[in-house]
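Undergrad: A single structure is presented below for examination.
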Amino acid sequence: SVCRAEKGGEPWPLQHLRSTKEHHVSRLLYVDNSTLVAAESCQTLALMRYHHGWTSPGEAAALKAGLAVHEALACFFKQGDPLQAMETFAAAYRAWADGSLPPTDRLAYSNVAAIFRYWLTTHPLASFPFVVPAGMVEVGAQALLTDEGKCLCGVMLVEHTSYSSASWDCPYSEPTTVVFVGRLDAVGRRRDGVYCAIDHKSTGNISPEWLAQFDQDSQFSGYLWLLSQHMRELVLRGYVNAIELPRLPVSSGPCKKHGVSYTECRFLHAEHQLVEVIRTEAQLANWRKDALQSARRWVELIDTAPTLDDIHLVGQRGQWIGKCPRCDFRDWCRLGRDVLMVPAMFQHSPWVPYERVAMATPKGKEGVKPYEK
């Protein structure tokens with residue numbers, strides 16, 4: 001019942017949370033899926049990236065290409081114009097790719113542009129099983145993850161400021177209310193009137209294993225939970241718009257897979273699928289329980305190591321679950337997690353979930369007081 005649109009209206013992001021005199025909140029904590037996933041993986045990675053705001057200095061080509069494709073798809077679903085979408089993609093990606101990647105790379109501008117142009121010509125808006133209402137592209141949404149009026153520890157917030165025993169029982173450094181935020185690529189409405197979440201994904205290989213991740217993906221469950229909080233109905237369906245970005249064949253010889261020359265089947269080597277994702281009401285309820293547990297772990301982490309100098313107080317769980325090989329902080333951890341080396345090895349890019357969902361930052365000091373609606 002929290003953060004829902006007026007009856008009969010379109011879903012819309014709630015800009016500020018309701019505040020009453022009974023809500024004695026010392027800390028209003030915003031979290032997103034990335035933060036909670038990190039809290040469940042490696043303590044050092046979670047704190048370094050999502051609390052202290054450090055990241056690797058270079059941007060991976062896959063990330064740059066994915067962001068450019070997302071920006072172009074947002075333009076396409078807003079305007080329905082393939083030419084405008086291609087111009088948006090070129091402006092976002094061409095200069096960087098031409099200056100950073102060899103022309104033979106699968107993520108070279110010419111290769112990705114050819115794949116994306118073909119996708120646009122074969123996917124008019126009318127071909128999708130949903131329509132995207134005006135204003136429902138790149139939607140920022142937020143909703144209370146904790147029960148209204150309660151601290152993350154489960155005690156009523158008002159009790160934490162009273163003279164009862166509960167005022168001394170909070171396991172955290174201060175009473176905490178948690179808000180879950182997310183930025184949906186689009187919100188669609190199917191022909192049967194049911195709302196659905198749309199998530200664009202680009203990858204080098206659309207495999208059965210890659211597609212299987214969305215069956216239980218926490219990110220998509222979070223999107224559907226957020227939409228359900230904004231609607232007067234459960235939203236249990238969505239779509240992953242998957243676009244494969246392989247290296248297209250450049251040979252004119254025969255293709256053994258398709259039995260024709262590569263010039264005829266070139267674009268058939270780049271797959272694209274629209275995958276329907278379905279959750280049940282019970283799955284979304286369980287997602288919230290798990291998200292609350294992850295939020296508790298996250299709060300315990302930031303309370304344990306509030307400053308960078310405290311990083312040695314937390315462990316390195318990544319080494320036990322295979323996270324180290326692809327971690328930005330691998331070499332730093334191998335060298336002993338020396339905090340004096342951090343500015344030389346990384347760039348400071350704070351991760352602020354509230355700002356990342358494109359909502360205006362409320363006036364005043366963020367994270368201290370609840371905001372008026």
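By convention in this document, the chains of the structure tokens carry letters A, B, ... by their order, each chain's residues are numbered from 1, and ligands are numbered from 1 in the order they are shown.
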For the structure I just gave you, how does DSSP split stretch 136-351 of chain A - specifically, which residues are strand (DSSP E)? Reply as a VMD selection string.
TA: chain A and resid 137 to 144 176 to 190 195 to 203 237 to 244 272 to 278 347 to 348
Undergrad: Find the nearest atom pair between each residue of stretch 120-183 of chain A and stretch 32-39 of chain A for residues within 8 Å, count only C-alpha atoms, give distances in Å to one decimal, sort rows by chain and ascending number, and present the table as JSON lines.
TA:
{"residue": "A:Phe180", "atom": "CA", "partner": "A:Asp32", "partner_atom": "CA", "distance": 5.6}
{"residue": "A:Val181", "atom": "CA", "partner": "A:Asp32", "partner_atom": "CA", "distance": 5.2}
{"residue": "A:Gly182", "atom": "CA", "partner": "A:Asp32", "partner_atom": "CA", "distance": 6.1}
Undergrad: Report as a tab-separated table: every residue of stretch 103-172 of chain A with an atom at most 10 Å from stretch 44-63 of chain A, its closest pair of atoms, and their distance in Å to one decimal, counting only C-alpha atoms, with rows sorted by chain and ascending residue number.
TA:
residue	atom	partner	partner_atom	distance
A:Asp105	CA	A:Ala61	CA	10.0
A:Arg106	CA	A:Ala62	CA	9.8
A:Leu107	CA	A:Ala61	CA	6.9
A:Ala108	CA	A:Ala61	CA	9.0
Undergrad: My list of candidates is A:Ser228, A:Ser26, A:Ser349, A:Ser218. Which is closest to A:Thr177 when distances are computed with only C-alpha atoms?
TA: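 For A:Thr177, the nearest of the candidates is A:Ser26.
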Undergrad: From a DSSP calculation on the backbone, collect every residue of stretch 88-337 of chain A in helix (DSSP H, G or I) and output the set as a CSV table (one decimal) with N, CA, C and O atoms, in the first residue's frame.
TA:
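Everything below was put into states-v4.csv:
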chain,number,residue,atom,x,y,z
A,88,THR,N,21.5,8.8,-31.8
A,88,THR,CA,21.8,8.8,-30.3
A,88,THR,C,22.9,7.8,-30.0
A,88,THR,O,23.8,8.1,-29.2
A,89,PHE,N,22.8,6.6,-30.6
A,89,PHE,CA,23.9,5.6,-30.4
A,89,PHE,C,25.2,6.1,-30.8
A,89,PHE,O,26.2,6.0,-30.1
A,90,ALA,N,25.3,6.7,-32.0
A,90,ALA,CA,26.5,7.2,-32.6
A,90,ALA,C,27.1,8.3,-31.7
A,90,ALA,O,28.3,8.3,-31.4
A,91,ALA,N,26.3,9.2,-31.2
A,91,ALA,CA,26.8,10.3,-30.3
A,91,ALA,C,27.3,9.7,-29.0
A,91,ALA,O,28.2,10.3,-28.4
A,92,ALA,N,26.7,8.6,-28.5
A,92,ALA,CA,27.1,8.1,-27.2
A,92,ALA,C,28.3,7.2,-27.3
A,92,ALA,O,29.0,7.0,-26.3
A,93,TYR,N,28.6,6.6,-28.5
A,93,TYR,CA,29.6,5.5,-28.5
A,93,TYR,C,30.7,5.7,-29.5
A,93,TYR,O,31.8,5.2,-29.3
A,94,ARG,N,30.4,6.3,-30.6
A,94,ARG,CA,31.4,6.3,-31.8
A,94,ARG,C,32.8,6.9,-31.4
A,94,ARG,O,33.8,6.2,-31.7
A,95,ALA,N,32.8,8.0,-30.9
A,95,ALA,CA,34.1,8.7,-30.6
A,95,ALA,C,34.9,7.9,-29.7
A,95,ALA,O,36.1,7.7,-29.9
A,96,TRP,N,34.3,7.3,-28.6
A,96,TRP,CA,35.1,6.5,-27.6
A,96,TRP,C,35.5,5.2,-28.3
A,96,TRP,O,36.7,4.8,-28.1
A,97,ALA,N,34.7,4.5,-29.0
A,97,ALA,CA,35.0,3.2,-29.5
A,97,ALA,C,36.1,3.4,-30.6
A,97,ALA,O,37.1,2.6,-30.6
A,98,ASP,N,36.0,4.4,-31.5
A,98,ASP,CA,37.0,4.6,-32.5
A,98,ASP,C,38.4,4.9,-32.0
A,98,ASP,O,39.4,4.5,-32.6
A,99,GLY,N,38.4,5.5,-30.8
A,99,GLY,CA,39.7,5.9,-30.2
A,99,GLY,C,40.2,4.9,-29.2
A,99,GLY,O,41.3,5.0,-28.8
A,100,SER,N,39.4,3.9,-28.9
A,100,SER,CA,39.8,2.9,-27.8
A,100,SER,C,39.9,1.5,-28.3
A,100,SER,O,40.6,0.7,-27.6
A,109,TYR,N,32.9,0.2,-33.2
A,109,TYR,CA,31.7,0.9,-33.5
A,109,TYR,C,31.0,0.4,-34.7
A,109,TYR,O,29.8,0.2,-34.7
A,110,SER,N,31.7,0.1,-35.8
A,110,SER,CA,31.1,-0.3,-37.0
A,110,SER,C,30.4,-1.6,-36.9
A,110,SER,O,29.3,-1.8,-37.4
A,111,ASN,N,30.9,-2.6,-36.0
A,111,ASN,CA,30.2,-3.9,-35.8
A,111,ASN,C,29.0,-3.7,-35.0
A,111,ASN,O,27.9,-4.2,-35.4
A,112,VAL,N,29.0,-3.0,-33.9
A,112,VAL,CA,27.9,-2.9,-33.0
A,112,VAL,C,26.8,-2.0,-33.7
A,112,VAL,O,25.6,-2.3,-33.6
A,113,ALA,N,27.2,-1.0,-34.4
A,113,ALA,CA,26.3,-0.2,-35.1
A,113,ALA,C,25.5,-1.0,-36.2
A,113,ALA,O,24.3,-0.8,-36.4
A,114,ALA,N,26.2,-1.9,-36.9
A,114,ALA,CA,25.5,-2.7,-37.9
A,114,ALA,C,24.5,-3.6,-37.3
A,114,ALA,O,23.4,-3.7,-37.8
A,115,ILE,N,24.9,-4.2,-36.1
A,115,ILE,CA,23.9,-5.1,-35.5
A,115,ILE,C,22.7,-4.3,-35.0
A,115,ILE,O,21.5,-4.7,-35.1
A,116,PHE,N,23.0,-3.2,-34.4
A,116,PHE,CA,21.9,-2.4,-33.8
A,116,PHE,C,21.0,-1.8,-34.9
A,116,PHE,O,19.7,-1.8,-34.7
A,117,ARG,N,21.6,-1.4,-36.0
A,117,ARG,CA,20.8,-0.9,-37.1
A,117,ARG,C,19.8,-1.9,-37.7
A,117,ARG,O,18.7,-1.7,-38.0
A,118,TYR,N,20.4,-3.2,-37.8
A,118,TYR,CA,19.5,-4.3,-38.3
A,118,TYR,C,18.4,-4.6,-37.3
A,118,TYR,O,17.3,-4.8,-37.7
A,119,TRP,N,18.7,-4.5,-36.0
A,119,TRP,CA,17.7,-4.8,-35.0
A,119,TRP,C,16.6,-3.7,-35.1
A,119,TRP,O,15.4,-4.1,-35.0
A,120,LEU,N,16.9,-2.5,-35.2
A,120,LEU,CA,15.9,-1.4,-35.3
A,120,LEU,C,15.0,-1.6,-36.6
A,120,LEU,O,13.8,-1.4,-36.5
A,121,THR,N,15.6,-2.0,-37.7
A,121,THR,CA,14.8,-2.2,-38.9
A,121,THR,C,13.8,-3.4,-38.8
A,121,THR,O,12.8,-3.5,-39.5
A,122,THR,N,14.2,-4.4,-38.0
A,122,THR,CA,13.4,-5.6,-37.8
A,122,THR,C,12.5,-5.6,-36.6
A,122,THR,O,11.8,-6.6,-36.4
A,125,LEU,N,7.9,-0.7,-33.3
A,125,LEU,CA,7.2,-0.7,-32.0
A,125,LEU,C,6.0,-1.5,-32.0
A,125,LEU,O,5.6,-2.2,-31.0
A,126,ALA,N,5.3,-1.6,-33.2
A,126,ALA,CA,4.1,-2.3,-33.3
A,126,ALA,C,4.3,-3.9,-33.1
A,126,ALA,O,3.3,-4.6,-32.9
A,127,SER,N,5.5,-4.3,-33.3
A,127,SER,CA,5.8,-5.7,-33.2
A,127,SER,C,5.9,-6.3,-31.8
A,127,SER,O,5.9,-7.5,-31.6
A,157,LEU,N,9.8,2.7,15.4
A,157,LEU,CA,10.8,3.8,15.5
A,157,LEU,C,10.5,4.7,16.7
A,157,LEU,O,11.4,5.2,17.4
A,158,VAL,N,9.2,4.9,17.1
A,158,VAL,CA,8.9,5.7,18.2
A,158,VAL,C,9.5,5.1,19.5
A,158,VAL,O,9.8,5.8,20.5
A,159,GLU,N,9.6,3.7,19.5
A,159,GLU,CA,10.1,3.1,20.7
A,159,GLU,C,11.6,3.4,21.0
A,159,GLU,O,12.1,3.4,22.1
A,160,HIS,N,12.3,3.6,19.8
A,160,HIS,CA,13.7,3.9,20.0
A,160,HIS,C,14.0,5.2,20.6
A,160,HIS,O,15.1,5.5,21.0
A,165,SER,N,12.7,-0.2,27.2
A,165,SER,CA,13.9,-1.1,27.0
A,165,SER,C,14.3,-1.1,25.5
A,165,SER,O,15.4,-1.3,25.2
A,166,ALA,N,13.2,-1.0,24.6
A,166,ALA,CA,13.5,-1.0,23.2
A,166,ALA,C,14.4,0.1,22.7
A,166,ALA,O,15.1,-0.1,21.7
A,167,SER,N,14.5,1.2,23.5
A,167,SER,CA,15.3,2.3,23.0
A,167,SER,C,16.8,1.9,23.1
A,167,SER,O,17.6,2.6,22.5
A,168,TRP,N,17.1,0.8,23.9
A,168,TRP,CA,18.5,0.4,24.0
A,168,TRP,C,18.8,-0.8,23.2
A,168,TRP,O,19.9,-1.3,23.2
A,208,PRO,N,21.6,-20.6,-23.4
A,208,PRO,CA,20.5,-21.0,-22.5
A,208,PRO,C,20.9,-20.7,-21.0
A,208,PRO,O,20.0,-20.4,-20.2
A,209,GLU,N,22.2,-20.8,-20.7
A,209,GLU,CA,22.6,-20.5,-19.3
A,209,GLU,C,22.4,-19.1,-19.0
A,209,GLU,O,22.0,-18.7,-17.9
A,210,TRP,N,22.7,-18.2,-20.0
A,210,TRP,CA,22.6,-16.7,-19.8
A,210,TRP,C,21.1,-16.4,-19.6
A,210,TRP,O,20.8,-15.6,-18.7
A,211,LEU,N,20.2,-17.0,-20.4
A,211,LEU,CA,18.8,-16.7,-20.3
A,211,LEU,C,18.2,-17.3,-19.0
A,211,LEU,O,17.3,-16.7,-18.4
A,212,ALA,N,18.8,-18.4,-18.5
A,212,ALA,CA,18.2,-19.0,-17.3
A,212,ALA,C,18.4,-18.2,-16.1
A,212,ALA,O,17.6,-18.3,-15.1
A,213,GLN,N,19.3,-17.2,-16.1
A,213,GLN,CA,19.5,-16.4,-14.9
A,213,GLN,C,18.3,-15.5,-14.5
A,213,GLN,O,18.1,-15.2,-13.4
A,214,PHE,N,17.5,-15.2,-15.5
A,214,PHE,CA,16.3,-14.3,-15.3
A,214,PHE,C,15.2,-15.1,-14.6
A,214,PHE,O,14.2,-14.4,-14.2
A,215,ASP,N,15.3,-16.4,-14.5
A,215,ASP,CA,14.2,-17.2,-13.8
A,215,ASP,C,14.1,-16.8,-12.4
A,215,ASP,O,13.1,-16.8,-11.7
A,218,SER,N,17.4,-11.5,-9.0
A,218,SER,CA,16.9,-10.6,-7.9
A,218,SER,C,16.6,-9.2,-8.5
A,218,SER,O,15.7,-8.5,-8.0
A,219,GLN,N,17.3,-8.8,-9.5
A,219,GLN,CA,17.1,-7.4,-10.1
A,219,GLN,C,15.7,-7.3,-10.7
A,219,GLN,O,15.0,-6.4,-10.4
A,220,PHE,N,15.3,-8.4,-11.5
A,220,PHE,CA,14.0,-8.3,-12.1
A,220,PHE,C,12.9,-8.5,-11.0
A,220,PHE,O,11.8,-7.8,-11.1
A,221,SER,N,13.1,-9.3,-10.1
A,221,SER,CA,12.1,-9.4,-9.0
A,221,SER,C,11.9,-8.1,-8.3
A,221,SER,O,10.8,-7.7,-7.9
A,222,GLY,N,13.1,-7.4,-8.1
A,222,GLY,CA,13.0,-6.1,-7.5
A,222,GLY,C,12.2,-5.1,-8.3
A,222,GLY,O,11.4,-4.3,-7.8
A,223,TYR,N,12.4,-5.1,-9.6
A,223,TYR,CA,11.6,-4.2,-10.5
A,223,TYR,C,10.1,-4.5,-10.3
A,223,TYR,O,9.3,-3.6,-10.2
A,224,LEU,N,9.7,-5.8,-10.4
A,224,LEU,CA,8.3,-6.1,-10.3
A,224,LEU,C,7.8,-5.7,-8.9
A,224,LEU,O,6.6,-5.3,-8.8
A,225,TRP,N,8.6,-5.9,-7.9
A,225,TRP,CA,8.1,-5.5,-6.5
A,225,TRP,C,7.9,-4.0,-6.5
A,225,TRP,O,6.9,-3.5,-5.9
A,226,LEU,N,8.8,-3.2,-7.0
A,226,LEU,CA,8.7,-1.8,-7.0
A,226,LEU,C,7.4,-1.4,-7.8
A,226,LEU,O,6.6,-0.5,-7.3
A,227,LEU,N,7.2,-2.0,-9.0
A,227,LEU,CA,6.0,-1.6,-9.7
A,227,LEU,C,4.7,-2.0,-9.0
A,227,LEU,O,3.8,-1.2,-9.0
A,228,SER,N,4.8,-3.1,-8.3
A,228,SER,CA,3.6,-3.5,-7.5
A,228,SER,C,3.3,-2.5,-6.4
A,228,SER,O,2.1,-2.3,-6.1
A,229,GLN,N,4.3,-1.9,-5.8
A,229,GLN,CA,4.1,-0.8,-4.8
A,229,GLN,C,3.5,0.4,-5.4
A,229,GLN,O,2.9,1.2,-4.7
A,230,HIS,N,3.8,0.7,-6.7
A,230,HIS,CA,3.3,1.9,-7.3
A,230,HIS,C,1.9,1.7,-7.9
A,230,HIS,O,1.3,2.7,-8.4
A,262,TYR,N,28.1,-16.0,-46.4
A,262,TYR,CA,28.1,-15.1,-45.2
A,262,TYR,C,27.4,-13.8,-45.5
A,262,TYR,O,26.8,-13.2,-44.6
A,263,THR,N,27.5,-13.3,-46.7
A,263,THR,CA,26.9,-12.0,-47.1
A,263,THR,C,25.4,-12.1,-47.0
A,263,THR,O,24.8,-11.1,-46.8
A,264,GLU,N,24.8,-13.3,-47.1
A,264,GLU,CA,23.4,-13.4,-47.1
A,264,GLU,C,22.9,-13.7,-45.6
A,264,GLU,O,21.8,-13.3,-45.3
A,265,CYS,N,23.7,-14.3,-44.8
A,265,CYS,CA,23.3,-14.7,-43.5
A,265,CYS,C,24.0,-13.9,-42.4
A,265,CYS,O,23.9,-14.3,-41.2
A,266,ARG,N,24.7,-12.9,-42.7
A,266,ARG,CA,25.6,-12.2,-41.8
A,266,ARG,C,24.9,-11.8,-40.5
A,266,ARG,O,25.3,-12.1,-39.4
A,267,PHE,N,23.7,-11.2,-40.6
A,267,PHE,CA,23.0,-10.7,-39.4
A,267,PHE,C,22.3,-11.8,-38.6
A,267,PHE,O,21.9,-11.6,-37.5
A,268,LEU,N,22.2,-13.0,-39.2
A,268,LEU,CA,21.6,-14.1,-38.5
A,268,LEU,C,22.6,-14.7,-37.4
A,268,LEU,O,22.1,-15.5,-36.6
A,269,HIS,N,23.8,-14.2,-37.5
A,269,HIS,CA,24.8,-14.7,-36.5
A,269,HIS,C,24.7,-13.8,-35.2
A,269,HIS,O,25.5,-14.0,-34.3
A,281,GLU,N,3.1,-14.2,-6.7
A,281,GLU,CA,3.0,-13.3,-5.5
A,281,GLU,C,3.9,-13.8,-4.4
A,281,GLU,O,4.6,-13.0,-3.7
A,282,ALA,N,4.0,-15.1,-4.2
A,282,ALA,CA,4.9,-15.7,-3.2
A,282,ALA,C,6.3,-15.4,-3.4
A,282,ALA,O,7.1,-15.1,-2.5
A,283,GLN,N,6.8,-15.4,-4.7
A,283,GLN,CA,8.1,-15.1,-5.0
A,283,GLN,C,8.5,-13.7,-4.7
A,283,GLN,O,9.6,-13.4,-4.2
A,284,LEU,N,7.6,-12.7,-4.9
A,284,LEU,CA,7.9,-11.4,-4.6
A,284,LEU,C,7.9,-11.2,-3.1
A,284,LEU,O,8.7,-10.4,-2.6
A,285,ALA,N,7.1,-11.9,-2.4
A,285,ALA,CA,7.1,-11.8,-0.9
A,285,ALA,C,8.4,-12.3,-0.4
A,285,ALA,O,9.0,-11.7,0.6
A,286,ASN,N,8.9,-13.4,-0.9
A,286,ASN,CA,10.1,-14.0,-0.5
A,286,ASN,C,11.3,-13.1,-0.9
A,286,ASN,O,12.3,-13.0,-0.1
A,287,TRP,N,11.2,-12.4,-2.1
A,287,TRP,CA,12.2,-11.5,-2.5
A,287,TRP,C,12.4,-10.4,-1.4
A,287,TRP,O,13.5,-10.0,-1.0
A,288,ARG,N,11.3,-9.9,-0.9
A,288,ARG,CA,11.3,-8.8,0.1
A,288,ARG,C,12.0,-9.3,1.4
A,288,ARG,O,12.8,-8.6,2.0
A,289,LYS,N,11.7,-10.5,1.8
A,289,LYS,CA,12.3,-11.0,3.0
A,289,LYS,C,13.8,-11.1,2.8
A,289,LYS,O,14.6,-10.8,3.7
A,290,ASP,N,14.2,-11.6,1.6
A,290,ASP,CA,15.7,-11.8,1.4
A,290,ASP,C,16.3,-10.4,1.3
A,290,ASP,O,17.4,-10.2,1.7
A,291,ALA,N,15.6,-9.4,0.6
A,291,ALA,CA,16.2,-8.1,0.5
A,291,ALA,C,16.4,-7.4,1.9
A,291,ALA,O,17.4,-6.7,2.1
A,292,LEU,N,15.4,-7.7,2.8
A,292,LEU,CA,15.6,-7.1,4.1
A,292,LEU,C,16.8,-7.7,4.8
A,292,LEU,O,17.5,-7.0,5.5
A,293,GLN,N,17.0,-9.0,4.7
A,293,GLN,CA,18.1,-9.7,5.3
A,293,GLN,C,19.4,-9.2,4.7
A,293,GLN,O,20.4,-8.9,5.4
A,294,SER,N,19.5,-8.9,3.4
A,294,SER,CA,20.6,-8.4,2.8
A,294,SER,C,20.9,-6.9,3.2
A,294,SER,O,22.0,-6.5,3.4
A,295,ALA,N,19.8,-6.2,3.4
A,295,ALA,CA,19.9,-4.8,3.9
A,295,ALA,C,20.5,-4.8,5.4
A,295,ALA,O,21.3,-3.9,5.7
A,296,ARG,N,20.1,-5.8,6.2
A,296,ARG,CA,20.7,-5.9,7.5
A,296,ARG,C,22.2,-6.2,7.4
A,296,ARG,O,23.0,-5.6,8.2
A,297,ARG,N,22.6,-7.0,6.5
A,297,ARG,CA,24.0,-7.3,6.4
A,297,ARG,C,24.8,-6.0,5.9
A,297,ARG,O,25.9,-5.8,6.4
A,298,TRP,N,24.1,-5.3,5.0
A,298,TRP,CA,24.7,-4.1,4.5
A,298,TRP,C,24.9,-3.0,5.6
A,298,TRP,O,26.0,-2.4,5.7
A,299,VAL,N,23.9,-2.9,6.4
A,299,VAL,CA,24.0,-1.9,7.5
A,299,VAL,C,25.1,-2.3,8.5
A,299,VAL,O,25.8,-1.5,9.1
A,300,GLU,N,25.1,-3.6,8.8
A,300,GLU,CA,26.2,-4.1,9.7
A,300,GLU,C,27.6,-3.8,9.2
A,300,GLU,O,28.5,-3.5,9.9
A,301,LEU,N,27.7,-3.9,7.8
A,301,LEU,CA,29.0,-3.6,7.2
A,301,LEU,C,29.4,-2.2,7.3
A,301,LEU,O,30.5,-1.8,7.7
A,302,ILE,N,28.5,-1.3,7.0
A,302,ILE,CA,28.8,0.1,7.0
A,302,ILE,C,29.0,0.6,8.5
A,302,ILE,O,29.6,1.6,8.7
A,303,ASP,N,28.3,0.0,9.4
A,303,ASP,CA,28.5,0.3,10.8
A,303,ASP,C,29.9,-0.2,11.3
A,303,ASP,O,30.5,0.5,12.2
A,304,THR,N,30.3,-1.3,10.8
A,304,THR,CA,31.6,-1.9,11.2
A,304,THR,C,32.8,-1.1,10.6
A,304,THR,O,33.8,-0.8,11.3
A,308,LEU,N,37.3,4.5,5.4
A,308,LEU,CA,38.2,3.7,4.6
A,308,LEU,C,39.3,3.1,5.5
A,308,LEU,O,39.8,2.0,5.3
A,309,ASP,N,39.7,3.8,6.5
A,309,ASP,CA,40.7,3.3,7.5
A,309,ASP,C,40.2,2.1,8.2
A,309,ASP,O,41.1,1.3,8.8
A,310,ASP,N,38.9,1.8,8.2
A,310,ASP,CA,38.4,0.7,9.0
A,310,ASP,C,38.2,-0.6,8.1
A,310,ASP,O,37.7,-1.6,8.5
A,311,ILE,N,38.7,-0.5,6.8
A,311,ILE,CA,38.4,-1.6,5.9
A,311,ILE,C,39.0,-2.9,6.4
A,311,ILE,O,38.5,-4.0,6.1
A,312,HIS,N,40.1,-2.9,7.2
A,312,HIS,CA,40.7,-4.2,7.7
A,312,HIS,C,39.8,-4.8,8.7
A,312,HIS,O,40.1,-6.0,9.1
A,313,LEU,N,38.7,-4.2,9.2
A,313,LEU,CA,37.8,-4.8,10.1
A,313,LEU,C,36.8,-5.8,9.5
A,313,LEU,O,36.1,-6.4,10.2
A,317,ARG,N,35.3,-12.2,1.6
A,317,ARG,CA,34.6,-13.3,1.3
A,317,ARG,C,34.7,-13.7,-0.2
A,317,ARG,O,34.5,-14.9,-0.6
A,318,GLY,N,35.1,-12.8,-1.0
A,318,GLY,CA,35.2,-13.0,-2.4
A,318,GLY,C,36.1,-14.2,-2.8
A,318,GLY,O,35.9,-14.9,-3.8
A,319,GLN,N,37.2,-14.4,-2.0
A,319,GLN,CA,38.1,-15.5,-2.2
A,319,GLN,C,37.5,-16.8,-2.0
A,319,GLN,O,38.0,-17.8,-2.5
A,320,TRP,N,36.4,-16.9,-1.3
A,320,TRP,CA,35.7,-18.2,-1.0
A,320,TRP,C,34.6,-18.5,-2.1
A,320,TRP,O,34.2,-19.6,-2.2
A,324,CYS,N,37.1,-13.1,-6.9
A,324,CYS,CA,38.4,-12.3,-7.1
A,324,CYS,C,38.9,-12.2,-8.5
A,324,CYS,O,39.4,-11.1,-8.9
A,325,PRO,N,38.8,-13.2,-9.4
A,325,PRO,CA,39.4,-13.1,-10.7
A,325,PRO,C,38.9,-11.9,-11.5
A,325,PRO,O,39.7,-11.3,-12.3
A,326,ARG,N,37.7,-11.5,-11.4
A,326,ARG,CA,37.1,-10.4,-12.2
A,326,ARG,C,36.9,-9.1,-11.3
A,326,ARG,O,36.2,-8.2,-11.8
A,330,ARG,N,41.1,-6.7,-7.0
A,330,ARG,CA,41.9,-7.9,-6.8
A,330,ARG,C,43.4,-7.6,-6.4
A,330,ARG,O,43.9,-8.1,-5.5
A,331,ASP,N,44.0,-6.8,-7.2
A,331,ASP,CA,45.4,-6.5,-7.0
A,331,ASP,C,45.6,-5.7,-5.7
A,331,ASP,O,46.6,-5.9,-5.0
A,332,TRP,N,44.7,-4.8,-5.4
A,332,TRP,CA,44.8,-4.1,-4.1
A,332,TRP,C,44.7,-5.0,-2.9
A,332,TRP,O,45.5,-4.9,-2.0
A,333,CYS,N,43.8,-5.9,-3.0
A,333,CYS,CA,43.7,-6.9,-1.9
A,333,CYS,C,44.9,-7.8,-1.8
A,333,CYS,O,45.4,-8.1,-0.7
A,334,ARG,N,45.5,-8.2,-3.0
A,334,ARG,CA,46.7,-9.0,-3.0
A,334,ARG,C,47.9,-8.3,-2.3
A,334,ARG,O,48.8,-8.9,-1.7
Undergrad: How many Å separate atom CA of A:Val187 from atom CA of A:Phe128?
TA: 12.9 Å
Undergrad: Do a neighbour search on stretch 130-132 of chain A at 6 Å with only C-alpha atoms, toss out local chain neighbours closer than 2 positions, and write the hits as a VMD selection string.
TA: chain A and resid 128 188 to 190
Undergrad: Here is a test: counting only C-alpha atoms, which residue of A:Gln216, A:Ser261, A:Gln79, A:Gln273 is nearest to A:Asn241?
TA: A:Gln273
